[in-house]
>>> print(open('structure_3.cif').read())   # mmCIF, C-alpha atoms
data_start
#
loop_
_atom_site.label_atom_id
_atom_site.label_comp_id
_atom_site.auth_asym_id
_atom_site.auth_seq_id
_atom_site.Cartn_x
_atom_site.Cartn_y
_atom_site.Cartn_z
CA MET A 78 145.33 114.92 112.19
CA ILE A 79 142.93 116.59 109.79
CA VAL A 80 145.52 117.71 107.26
CA PRO A 81 148.99 116.43 106.36
CA LEU A 82 151.81 117.93 108.38
CA GLU A 83 153.30 119.37 105.21
CA HIS A 84 150.37 121.74 104.76
CA VAL A 85 150.74 123.02 108.31
CA LEU A 86 154.44 123.49 107.58
CA ILE A 87 153.68 125.44 104.42
CA LEU A 88 151.16 127.70 106.14
CA SER A 89 153.53 128.31 109.02
CA THR A 90 156.38 129.10 106.64
CA ILE A 91 154.26 131.60 104.72
CA LEU A 92 153.28 133.36 107.93
CA PHE A 93 156.88 133.39 109.13
CA LEU A 94 158.08 134.88 105.86
CA LEU A 95 155.39 137.56 105.99
CA GLY A 96 156.54 138.51 109.47
CA LEU A 97 160.17 138.51 108.36
CA VAL A 98 159.37 140.77 105.40
CA CYS A 99 157.51 143.10 107.76
CA VAL A 100 160.53 143.29 110.07
CA LEU A 101 162.99 143.87 107.25
CA VAL A 102 160.99 146.29 105.10
CA ARG A 103 159.02 148.48 107.46
CA ARG A 104 160.71 151.42 109.17
CA ASN A 105 158.13 152.06 111.87
CA LEU A 106 159.14 150.58 115.23
CA ILE A 107 155.56 149.52 115.97
CA MET A 108 155.31 147.70 112.64
CA ILE A 109 158.60 145.92 113.32
CA LEU A 110 157.24 144.67 116.63
CA ILE A 111 154.08 143.54 114.82
CA GLY A 112 156.28 141.57 112.42
CA ILE A 113 157.95 139.85 115.36
CA GLU A 114 154.50 138.96 116.68
CA ILE A 115 153.58 137.40 113.33
CA MET A 116 156.75 135.32 113.31
CA LEU A 117 156.18 134.08 116.86
CA ASN A 118 152.62 133.11 115.96
CA ALA A 119 153.87 131.18 112.95
CA VAL A 120 156.16 129.22 115.25
CA GLY A 121 153.24 128.60 117.58
CA LEU A 122 151.18 127.22 114.71
CA LEU A 123 154.06 124.92 113.81
CA LEU A 124 154.34 123.68 117.40
CA VAL A 125 150.62 122.95 117.63
CA GLY A 126 150.71 121.18 114.25
CA ALA A 127 153.61 119.01 115.37
CA SER A 128 151.79 118.30 118.61
CA ALA A 129 148.76 117.10 116.67
CA PHE A 130 150.91 115.05 114.29
CA TRP A 131 152.71 113.05 116.98
CA GLN A 132 149.74 113.22 119.36
CA GLN A 133 151.98 114.44 122.16
CA ILE A 134 150.98 117.30 124.41
CA ASP A 135 154.47 118.77 124.76
CA GLY A 136 154.16 120.96 121.71
CA GLN A 137 151.19 122.77 123.19
CA VAL A 138 153.07 123.29 126.45
CA MET A 139 155.83 124.89 124.39
CA VAL A 140 153.24 127.25 122.90
CA ILE A 141 152.33 128.41 126.40
CA PHE A 142 155.98 129.16 127.12
CA LEU A 143 156.15 130.94 123.78
CA MET A 144 153.19 133.11 124.79
CA ALA A 145 154.82 133.95 128.12
CA MET A 146 158.02 134.86 126.32
CA THR A 147 156.07 137.01 123.88
CA SER A 148 154.33 138.87 126.69
CA ALA A 149 157.66 139.64 128.34
CA GLU A 150 159.21 140.69 125.03
CA VAL A 151 156.30 142.95 124.10
CA SER A 152 156.16 144.68 127.47
CA ILE A 153 159.90 145.43 127.42
CA SER A 154 160.01 146.48 123.79
CA LEU A 155 156.94 148.72 123.97
CA ALA A 156 158.38 150.42 127.04
CA MET A 157 161.52 150.92 124.99
CA VAL A 158 159.48 152.37 122.11
CA VAL A 159 157.96 154.89 124.52
CA TYR A 160 161.43 155.73 125.83
CA LEU A 161 162.92 156.16 122.36
CA ASN A 162 159.96 158.25 121.26
CA ARG A 163 160.46 160.44 124.29
CA ARG A 164 164.16 160.87 123.44
CA LYS A 165 163.95 161.59 119.71
CA GLY A 166 160.29 162.34 119.15
CA THR A 167 159.87 159.77 116.41
CA VAL A 168 159.39 156.04 115.94
CA ASP A 169 161.32 155.86 112.68
CA VAL A 170 164.14 153.38 113.06
CA ARG A 171 166.43 155.51 110.90
CA ALA A 172 166.61 157.98 113.78
CA PHE A 173 168.19 155.35 116.00
CA ASP A 174 170.99 154.02 113.81
CA GLU A 175 173.80 155.64 115.77
CA MET A 176 175.17 154.83 119.19
CA ARG A 177 175.89 157.48 121.72
CA GLY A 178 179.39 157.64 123.16
CA MET B 216 134.59 119.34 106.70
CA ALA B 217 137.38 120.09 109.14
CA THR B 218 139.94 119.63 106.39
CA TRP B 219 138.29 122.22 104.18
CA MET B 220 137.92 124.57 107.08
CA PHE B 221 141.64 124.34 107.72
CA TYR B 222 142.39 125.65 104.25
CA ILE B 223 139.75 128.38 104.44
CA LEU B 224 141.06 129.56 107.80
CA GLY B 225 144.61 129.36 106.56
CA ALA B 226 143.69 131.59 103.63
CA ILE B 227 141.98 134.06 105.98
CA THR B 228 145.07 134.13 108.19
CA VAL B 229 147.45 134.73 105.29
CA VAL B 230 145.27 137.41 103.69
CA ALA B 231 144.74 139.24 106.99
CA THR B 232 148.47 139.11 107.77
CA LEU B 233 149.33 140.33 104.29
CA LEU B 234 146.93 143.24 104.67
CA ALA B 235 148.31 143.94 108.14
CA ILE B 236 151.92 144.30 107.08
CA THR B 237 151.06 146.59 104.17
CA GLN B 238 149.05 149.15 106.12
CA ARG B 239 150.42 152.65 106.59
CA ASN B 240 148.36 153.29 109.68
CA PRO B 241 149.49 151.13 112.64
CA VAL B 242 145.96 151.02 114.07
CA HIS B 243 144.65 149.40 110.88
CA ALA B 244 147.52 146.94 111.00
CA VAL B 245 146.59 145.98 114.56
CA ILE B 246 142.96 145.47 113.56
CA TYR B 247 143.92 143.17 110.69
CA LEU B 248 146.30 141.34 112.97
CA VAL B 249 143.54 140.71 115.52
CA ASN B 250 141.51 139.16 112.71
CA SER B 251 144.48 137.01 111.76
CA PHE B 252 144.92 135.86 115.36
CA PHE B 253 141.26 134.90 115.63
CA ALA B 254 141.61 132.75 112.51
CA LEU B 255 144.79 131.28 113.96
CA ALA B 256 142.94 130.46 117.18
CA LEU B 257 140.35 128.53 115.18
CA LEU B 258 143.20 126.71 113.46
CA PHE B 259 144.59 125.73 116.86
CA PHE B 260 141.15 124.44 117.81
CA LEU B 261 141.00 122.37 114.64
CA LEU B 262 144.44 120.93 115.36
CA GLY B 263 143.30 119.64 118.73
CA ALA B 264 144.41 122.41 121.06
CA PRO B 265 141.29 124.07 122.50
CA LEU B 266 143.10 125.53 125.50
CA VAL B 267 145.82 127.07 123.36
CA ALA B 268 143.10 128.49 121.11
CA ALA B 269 141.47 130.16 124.09
CA TRP B 270 144.79 131.58 125.21
CA GLU B 271 145.54 132.81 121.74
CA VAL B 272 142.37 134.91 121.89
CA ILE B 273 142.85 136.00 125.50
CA ILE B 274 146.58 136.74 125.53
CA TYR B 275 147.43 137.68 121.95
CA ALA B 276 144.28 139.32 120.66
CA GLY B 277 143.05 140.46 124.04
CA ALA B 278 146.14 141.62 125.89
CA ILE B 279 149.07 142.13 123.57
CA MET B 280 147.19 143.80 120.72
CA VAL B 281 145.35 146.08 123.13
CA LEU B 282 148.73 147.00 124.59
CA PHE B 283 149.86 147.88 121.08
CA LEU B 284 146.77 150.05 120.64
CA PHE B 285 147.43 151.82 123.94
CA ILE B 286 151.01 152.58 122.96
CA ILE B 287 149.99 153.81 119.50
CA MET B 288 147.41 156.11 121.06
CA MET B 289 149.90 157.26 123.68
CA LEU B 290 152.60 158.15 121.17
CA GLU B 291 150.30 160.21 118.93
CA ILE B 292 152.04 159.07 115.79
CA ALA B 293 151.06 161.36 112.94
CA PRO B 294 148.38 159.55 110.97
CA GLY B 295 148.15 159.49 107.23
CA VAL B 296 145.89 161.76 105.28
CA GLU B 297 142.40 161.22 106.63
CA ALA B 298 139.45 162.26 104.56
CA ASP B 299 137.65 165.17 106.14
CA ARG B 300 134.14 163.82 105.99
CA TYR B 301 131.48 162.34 108.15
CA GLY B 302 130.85 158.66 108.57
CA PRO B 303 133.20 155.77 107.99
CA ASN B 304 134.98 155.30 104.71
CA TRP B 305 133.24 152.13 103.58
CA LEU B 306 135.75 151.25 100.90
CA GLN B 307 138.43 151.26 103.56
CA TRP B 308 136.32 149.10 105.82
CA LEU B 309 135.46 146.55 103.16
CA PRO B 310 138.43 144.12 103.54
CA ILE B 311 138.19 143.83 107.30
CA LEU B 312 134.42 143.43 107.14
CA LEU B 313 134.74 140.64 104.57
CA LEU B 314 137.42 138.89 106.62
CA ALA B 315 135.44 139.22 109.83
CA ALA B 316 132.31 137.89 108.13
CA ALA B 317 134.20 134.87 106.77
CA LEU B 318 135.63 134.29 110.23
CA GLY B 319 132.19 134.49 111.82
CA ILE B 320 130.75 132.00 109.36
CA CYS B 321 133.63 129.62 110.04
CA THR B 322 133.06 129.95 113.78
CA LEU B 323 129.38 129.16 113.39
CA LEU B 324 130.18 126.13 111.25
CA LEU B 325 132.80 125.02 113.73
CA THR B 326 130.29 124.83 116.56
CA GLY B 327 128.77 121.90 114.69
CA LEU B 328 132.04 119.99 114.83
CA ASP B 329 132.58 117.65 117.72
CA PRO B 330 135.85 116.07 118.85
CA VAL B 331 134.69 112.79 117.37
CA GLY B 332 135.22 113.17 113.65
CA SER B 333 132.49 112.72 111.09
CA ASN B 334 133.84 109.35 109.98
CA GLY B 335 133.68 107.93 113.49
CA VAL B 336 137.40 108.01 114.15
CA PRO B 337 138.10 109.82 117.42
CA HIS B 338 139.96 112.98 116.70
CA TRP B 339 142.90 113.49 119.04
CA TYR B 340 142.76 116.58 121.14
CA ALA B 341 144.33 117.72 124.37
CA SER B 342 141.78 118.28 127.07
CA PRO B 343 142.53 120.99 129.63
CA ARG B 344 142.94 118.28 132.28
CA ASP B 345 145.68 116.49 130.32
CA PHE B 346 147.23 119.83 129.58
CA GLY B 347 147.32 120.83 133.22
CA TYR B 348 148.86 117.51 134.27
CA ALA B 349 151.57 117.80 131.64
CA LEU B 350 152.23 121.44 132.46
CA PHE B 351 152.50 121.16 136.23
CA LYS B 352 154.06 117.70 136.53
CA GLU B 353 156.64 117.48 133.77
CA TYR B 354 157.33 121.17 133.31
CA ALA B 355 157.08 122.44 136.89
CA LEU B 356 160.61 123.86 136.85
CA ALA B 357 159.98 125.60 133.54
CA ILE B 358 156.87 127.22 135.03
CA GLU B 359 159.03 128.69 137.79
CA VAL B 360 161.55 129.98 135.26
CA VAL B 361 158.80 131.55 133.16
CA SER B 362 157.29 133.25 136.19
CA PHE B 363 160.70 134.73 137.02
CA GLN B 364 161.01 135.85 133.42
CA LEU B 365 157.67 137.66 133.58
CA LEU B 366 158.68 139.31 136.86
CA PHE B 367 161.95 140.51 135.34
CA ALA B 368 160.11 141.77 132.29
CA ALA B 369 157.71 143.75 134.46
CA VAL B 370 160.59 145.25 136.44
CA GLY B 371 162.49 146.03 133.25
CA ALA B 372 159.50 147.67 131.59
CA PHE B 373 158.90 149.73 134.70
CA TYR B 374 162.55 150.80 134.72
CA VAL B 375 162.69 151.70 131.03
CA GLY B 376 159.40 153.54 131.11
CA ARG B 377 160.01 155.48 134.31
CA PRO B 378 159.28 159.20 134.20
CA GLU B 379 162.10 161.61 133.52
CA ARG B 380 164.06 162.38 136.66
CA LYS B 381 164.15 166.03 137.53
CA SER B 382 167.61 167.49 137.95
CA LYS B 383 167.66 167.63 141.75
CA SER B 384 165.03 165.36 143.11
CA PRO B 385 165.11 164.12 146.68
CA ALA B 386 166.25 160.55 147.19
CA GLY B 387 162.87 159.14 148.05
CA GLY B 388 160.96 161.22 145.54
CA ASP B 389 161.05 158.97 142.49
CA ARG B 390 157.64 157.73 141.55
#
>>> encode(input="structure_3.cif", output="structure tokens")
Amino acid sequence: MIVPLEHVLILSTILFLLGLVCVLVRRNLIMILIGIEIMLNAVGLLLVGASAFWQQIDGQVMVIFLMAMTSAEVSISLAMVVYLNRRKGTVDVRAFDEMRG
Amino acid sequence: MATWMFYILGAITVVATLLAITQRNPVHAVIYLVNSFFALALLFFLLGAPLVAAWEVIIYAGAIMVLFLFIIMMLEIAPGVEADRYGPNWLQWLPILLLAAALGICTLLLTGLDPVGSNGVPHWYASPRDFGYALFKEYALAIEVVSFQLLFAAVGAFYVGRPERKSKSPAGGDR
């Protein structure tokens, strides 16, 4: 382990908070998805750091599952962005704050 | 040296992410985010996960971010005010060029690092062989579940993104 685990934790927390701020503040659907990506990457960094700290390989395996989950999430959500843009002609989330029916 | 490089790469990651989430133009945000993911991949390498580092570059920076770029180009989101002039706006390019240069220097320095640390203590890292054994022996069922998940995601994306049905289309006519 080249650095203490606390420093990996701090870096991961900063990245997670940046992603969370991006999700909460931005109103563009694409930017919200980018914020989710940042948060998932912060979790991946935390998993790899924990894997290096305990010298177990399981954390890295979890990162692979995280990447697979991210791929599935991104493909579905980007298809949904295309669908919503086709319906309302915008990617501003304020246009989608009402349910139909 | 690896310890210092961790902090430098961490700073590059945080700065690139901070610039990414403050951009008005989504394309610029994606470019900064690719830089951030490259720095993160080097961090994974430093923390003893070379295979995860490779996948970070291939899957995140290579596949997912390019998918984002495709969707942004497809949607034709109205861009901000672009200067009507020839040539790139160098002031706008400066942050990403600086970050990319720092990242390139770190990569070049990193090629001098070997798994055995400078003080002679072997630095733990997961070789692809160990990784493959752990993945396909202990997590074989999870691999099956993940493959089903990806299949369902593909089917779901295809369903959500299907073209608009015409009012009276024949039963077998959906593309």
>>> resolve_selection(input="structure_3.cif", expression="the PyMOL selection byres ((chain A) within 7 of (chain B))", output="compact mmCIF listing (two decimals) with C-alpha atoms, in the frame of the given file")
# COMPACT_ATOMS: atom_id res chain seq x y z
CA MET A 78 145.33 114.92 112.19
CA ILE A 79 142.93 116.59 109.79
CA VAL A 80 145.52 117.71 107.26
CA LEU A 88 151.16 127.70 106.14
CA LEU A 92 153.28 133.36 107.93
CA LEU A 95 155.39 137.56 105.99
CA CYS A 99 157.51 143.10 107.76
CA MET A 108 155.31 147.70 112.64
CA VAL A 125 150.62 122.95 117.63
CA GLY A 126 150.71 121.18 114.25
CA ALA A 129 148.76 117.10 116.67
CA GLN A 132 149.74 113.22 119.36
CA ILE A 134 150.98 117.30 124.41
CA GLN A 137 151.19 122.77 123.19
CA VAL A 138 153.07 123.29 126.45
CA ALA A 145 154.82 133.95 128.12
CA SER A 148 154.33 138.87 126.69
CA ALA A 149 157.66 139.64 128.34
CA SER A 152 156.16 144.68 127.47
CA ILE A 153 159.90 145.43 127.42
CA ALA A 156 158.38 150.42 127.04
CA MET A 157 161.52 150.92 124.99
CA VAL A 159 157.96 154.89 124.52
CA TYR A 160 161.43 155.73 125.83
>>> resolve_selection(input="structure_3.cif", expression="the PyMOL selection byres ((chain A and resi 112) around 9)", output="MDAnalysis selection string")
(chainID A and resid 93 95:101 103 107:111 113:117) or (chainID B and resid 236)
>>> atom_distance(input="structure_3.cif", atom1="atom CA of A:Arg104", atom2="atom CA of A:Val168")
8.3 Å
>>> atom_distance(input="structure_3.cif", atom1="atom CA of A:Asn118", atom2="atom CA of B:Ile223")
17.9 Å
>>> atom_distance(input="structure_3.cif", atom1="atom CA of A:Met139", atom2="atom CA of B:Thr326")
26.7 Å
>>> closest_residue(input="structure_3.cif", among="B:Leu306, B:Leu324, B:Met288, B:Leu313", to="B:Asn250", atoms="all atoms listed in the file")
B:Leu313
>>> build_atoms(input="structure_3.cif", residues="stretch 333-365 of chain B", atoms="N, CA and C atoms", output="PDB file, in the coordinates of the input")
ATOM      1  N   SER B 333     133.705 113.112 111.788  1.00  0.00           N
ATOM      2  CA  SER B 333     132.490 112.720 111.090  1.00  0.00           C
ATOM      3  C   SER B 333     132.535 111.262 110.642  1.00  0.00           C
ATOM      4  N   ASN B 334     133.755 110.728 110.431  1.00  0.00           N
ATOM      5  CA  ASN B 334     133.840 109.350 109.980  1.00  0.00           C
ATOM      6  C   ASN B 334     133.962 108.370 111.147  1.00  0.00           C
ATOM      7  N   GLY B 335     133.699 108.839 112.358  1.00  0.00           N
ATOM      8  CA  GLY B 335     133.680 107.930 113.490  1.00  0.00           C
ATOM      9  C   GLY B 335     135.008 107.731 114.165  1.00  0.00           C
ATOM     10  N   VAL B 336     136.092 108.174 113.533  1.00  0.00           N
ATOM     11  CA  VAL B 336     137.400 108.010 114.150  1.00  0.00           C
ATOM     12  C   VAL B 336     137.586 109.113 115.194  1.00  0.00           C
ATOM     13  N   PRO B 337     137.912 108.766 116.415  1.00  0.00           N
ATOM     14  CA  PRO B 337     138.100 109.820 117.420  1.00  0.00           C
ATOM     15  C   PRO B 337     139.265 110.722 117.033  1.00  0.00           C
ATOM     16  N   HIS B 338     138.966 111.987 117.084  1.00  0.00           N
ATOM     17  CA  HIS B 338     139.960 112.980 116.700  1.00  0.00           C
ATOM     18  C   HIS B 338     140.755 113.367 117.931  1.00  0.00           C
ATOM     19  N   TRP B 339     142.063 113.226 117.859  1.00  0.00           N
ATOM     20  CA  TRP B 339     142.900 113.490 119.040  1.00  0.00           C
ATOM     21  C   TRP B 339     142.835 114.951 119.419  1.00  0.00           C
ATOM     22  N   TYR B 340     142.618 115.215 120.672  1.00  0.00           N
ATOM     23  CA  TYR B 340     142.760 116.580 121.140  1.00  0.00           C
ATOM     24  C   TYR B 340     143.153 116.557 122.602  1.00  0.00           C
ATOM     25  N   ALA B 341     143.807 117.622 123.017  1.00  0.00           N
ATOM     26  CA  ALA B 341     144.330 117.720 124.370  1.00  0.00           C
ATOM     27  C   ALA B 341     143.314 118.416 125.241  1.00  0.00           C
ATOM     28  N   SER B 342     142.739 117.664 126.165  1.00  0.00           N
ATOM     29  CA  SER B 342     141.780 118.280 127.070  1.00  0.00           C
ATOM     30  C   SER B 342     142.529 119.144 128.078  1.00  0.00           C
ATOM     31  N   PRO B 343     141.855 120.148 128.642  1.00  0.00           N
ATOM     32  CA  PRO B 343     142.530 120.990 129.630  1.00  0.00           C
ATOM     33  C   PRO B 343     143.086 120.200 130.814  1.00  0.00           C
ATOM     34  N   ARG B 344     142.439 119.076 131.159  1.00  0.00           N
ATOM     35  CA  ARG B 344     142.940 118.280 132.280  1.00  0.00           C
ATOM     36  C   ARG B 344     144.299 117.669 131.934  1.00  0.00           C
ATOM     37  N   ASP B 345     144.391 117.044 130.749  1.00  0.00           N
ATOM     38  CA  ASP B 345     145.680 116.490 130.320  1.00  0.00           C
ATOM     39  C   ASP B 345     146.738 117.580 130.251  1.00  0.00           C
ATOM     40  N   PHE B 346     146.293 118.707 129.740  1.00  0.00           N
ATOM     41  CA  PHE B 346     147.230 119.830 129.580  1.00  0.00           C
ATOM     42  C   PHE B 346     147.776 120.277 130.930  1.00  0.00           C
ATOM     43  N   GLY B 347     146.882 120.402 131.901  1.00  0.00           N
ATOM     44  CA  GLY B 347     147.320 120.830 133.220  1.00  0.00           C
ATOM     45  C   GLY B 347     148.258 119.838 133.872  1.00  0.00           C
ATOM     46  N   TYR B 348     147.962 118.527 133.713  1.00  0.00           N
ATOM     47  CA  TYR B 348     148.860 117.510 134.270  1.00  0.00           C
ATOM     48  C   TYR B 348     150.241 117.618 133.650  1.00  0.00           C
ATOM     49  N   ALA B 349     150.268 117.731 132.309  1.00  0.00           N
ATOM     50  CA  ALA B 349     151.570 117.800 131.640  1.00  0.00           C
ATOM     51  C   ALA B 349     152.324 119.055 132.056  1.00  0.00           C
ATOM     52  N   LEU B 350     151.570 120.156 132.191  1.00  0.00           N
ATOM     53  CA  LEU B 350     152.230 121.440 132.460  1.00  0.00           C
ATOM     54  C   LEU B 350     152.815 121.463 133.868  1.00  0.00           C
ATOM     55  N   PHE B 351     152.055 120.981 134.850  1.00  0.00           N
ATOM     56  CA  PHE B 351     152.500 121.160 136.230  1.00  0.00           C
ATOM     57  C   PHE B 351     153.223 119.949 136.785  1.00  0.00           C
ATOM     58  N   LYS B 352     153.277 118.847 136.040  1.00  0.00           N
ATOM     59  CA  LYS B 352     154.060 117.700 136.530  1.00  0.00           C
ATOM     60  C   LYS B 352     155.404 117.621 135.825  1.00  0.00           C
ATOM     61  N   GLU B 353     155.374 117.662 134.486  1.00  0.00           N
ATOM     62  CA  GLU B 353     156.640 117.480 133.770  1.00  0.00           C
ATOM     63  C   GLU B 353     157.388 118.783 133.600  1.00  0.00           C
ATOM     64  N   TYR B 354     156.664 119.899 133.613  1.00  0.00           N
ATOM     65  CA  TYR B 354     157.330 121.170 133.310  1.00  0.00           C
ATOM     66  C   TYR B 354     157.234 122.127 134.498  1.00  0.00           C
ATOM     67  N   ALA B 355     157.251 121.576 135.712  1.00  0.00           N
ATOM     68  CA  ALA B 355     157.080 122.440 136.890  1.00  0.00           C
ATOM     69  C   ALA B 355     158.242 123.423 137.010  1.00  0.00           C
ATOM     70  N   LEU B 356     159.452 122.959 136.741  1.00  0.00           N
ATOM     71  CA  LEU B 356     160.610 123.860 136.850  1.00  0.00           C
ATOM     72  C   LEU B 356     160.532 124.961 135.800  1.00  0.00           C
ATOM     73  N   ALA B 357     160.085 124.599 134.604  1.00  0.00           N
ATOM     74  CA  ALA B 357     159.980 125.600 133.540  1.00  0.00           C
ATOM     75  C   ALA B 357     158.946 126.660 133.896  1.00  0.00           C
ATOM     76  N   ILE B 358     157.880 126.249 134.596  1.00  0.00           N
ATOM     77  CA  ILE B 358     156.870 127.220 135.030  1.00  0.00           C
ATOM     78  C   ILE B 358     157.500 128.247 135.964  1.00  0.00           C
ATOM     79  N   GLU B 359     158.364 127.755 136.885  1.00  0.00           N
ATOM     80  CA  GLU B 359     159.030 128.690 137.790  1.00  0.00           C
ATOM     81  C   GLU B 359     159.912 129.657 137.009  1.00  0.00           C
ATOM     82  N   VAL B 360     160.653 129.118 136.047  1.00  0.00           N
ATOM     83  CA  VAL B 360     161.550 129.980 135.260  1.00  0.00           C
ATOM     84  C   VAL B 360     160.748 131.023 134.504  1.00  0.00           C
ATOM     85  N   VAL B 361     159.610 130.608 133.938  1.00  0.00           N
ATOM     86  CA  VAL B 361     158.800 131.550 133.160  1.00  0.00           C
ATOM     87  C   VAL B 361     158.220 132.631 134.072  1.00  0.00           C
ATOM     88  N   SER B 362     157.841 132.237 135.293  1.00  0.00           N
ATOM     89  CA  SER B 362     157.290 133.250 136.190  1.00  0.00           C
ATOM     90  C   SER B 362     158.364 134.267 136.574  1.00  0.00           C
ATOM     91  N   PHE B 363     159.611 133.788 136.768  1.00  0.00           N
ATOM     92  CA  PHE B 363     160.700 134.730 137.020  1.00  0.00           C
ATOM     93  C   PHE B 363     160.912 135.643 135.812  1.00  0.00           C
ATOM     94  N   GLN B 364     160.811 135.045 134.626  1.00  0.00           N
ATOM     95  CA  GLN B 364     161.010 135.850 133.420  1.00  0.00           C
ATOM     96  C   GLN B 364     159.973 136.958 133.321  1.00  0.00           C
ATOM     97  N   LEU B 365     158.715 136.629 133.646  1.00  0.00           N
ATOM     98  CA  LEU B 365     157.670 137.660 133.580  1.00  0.00           C
ATOM     99  C   LEU B 365     157.911 138.737 134.629  1.00  0.00           C
TER     100      LEU B 365
END
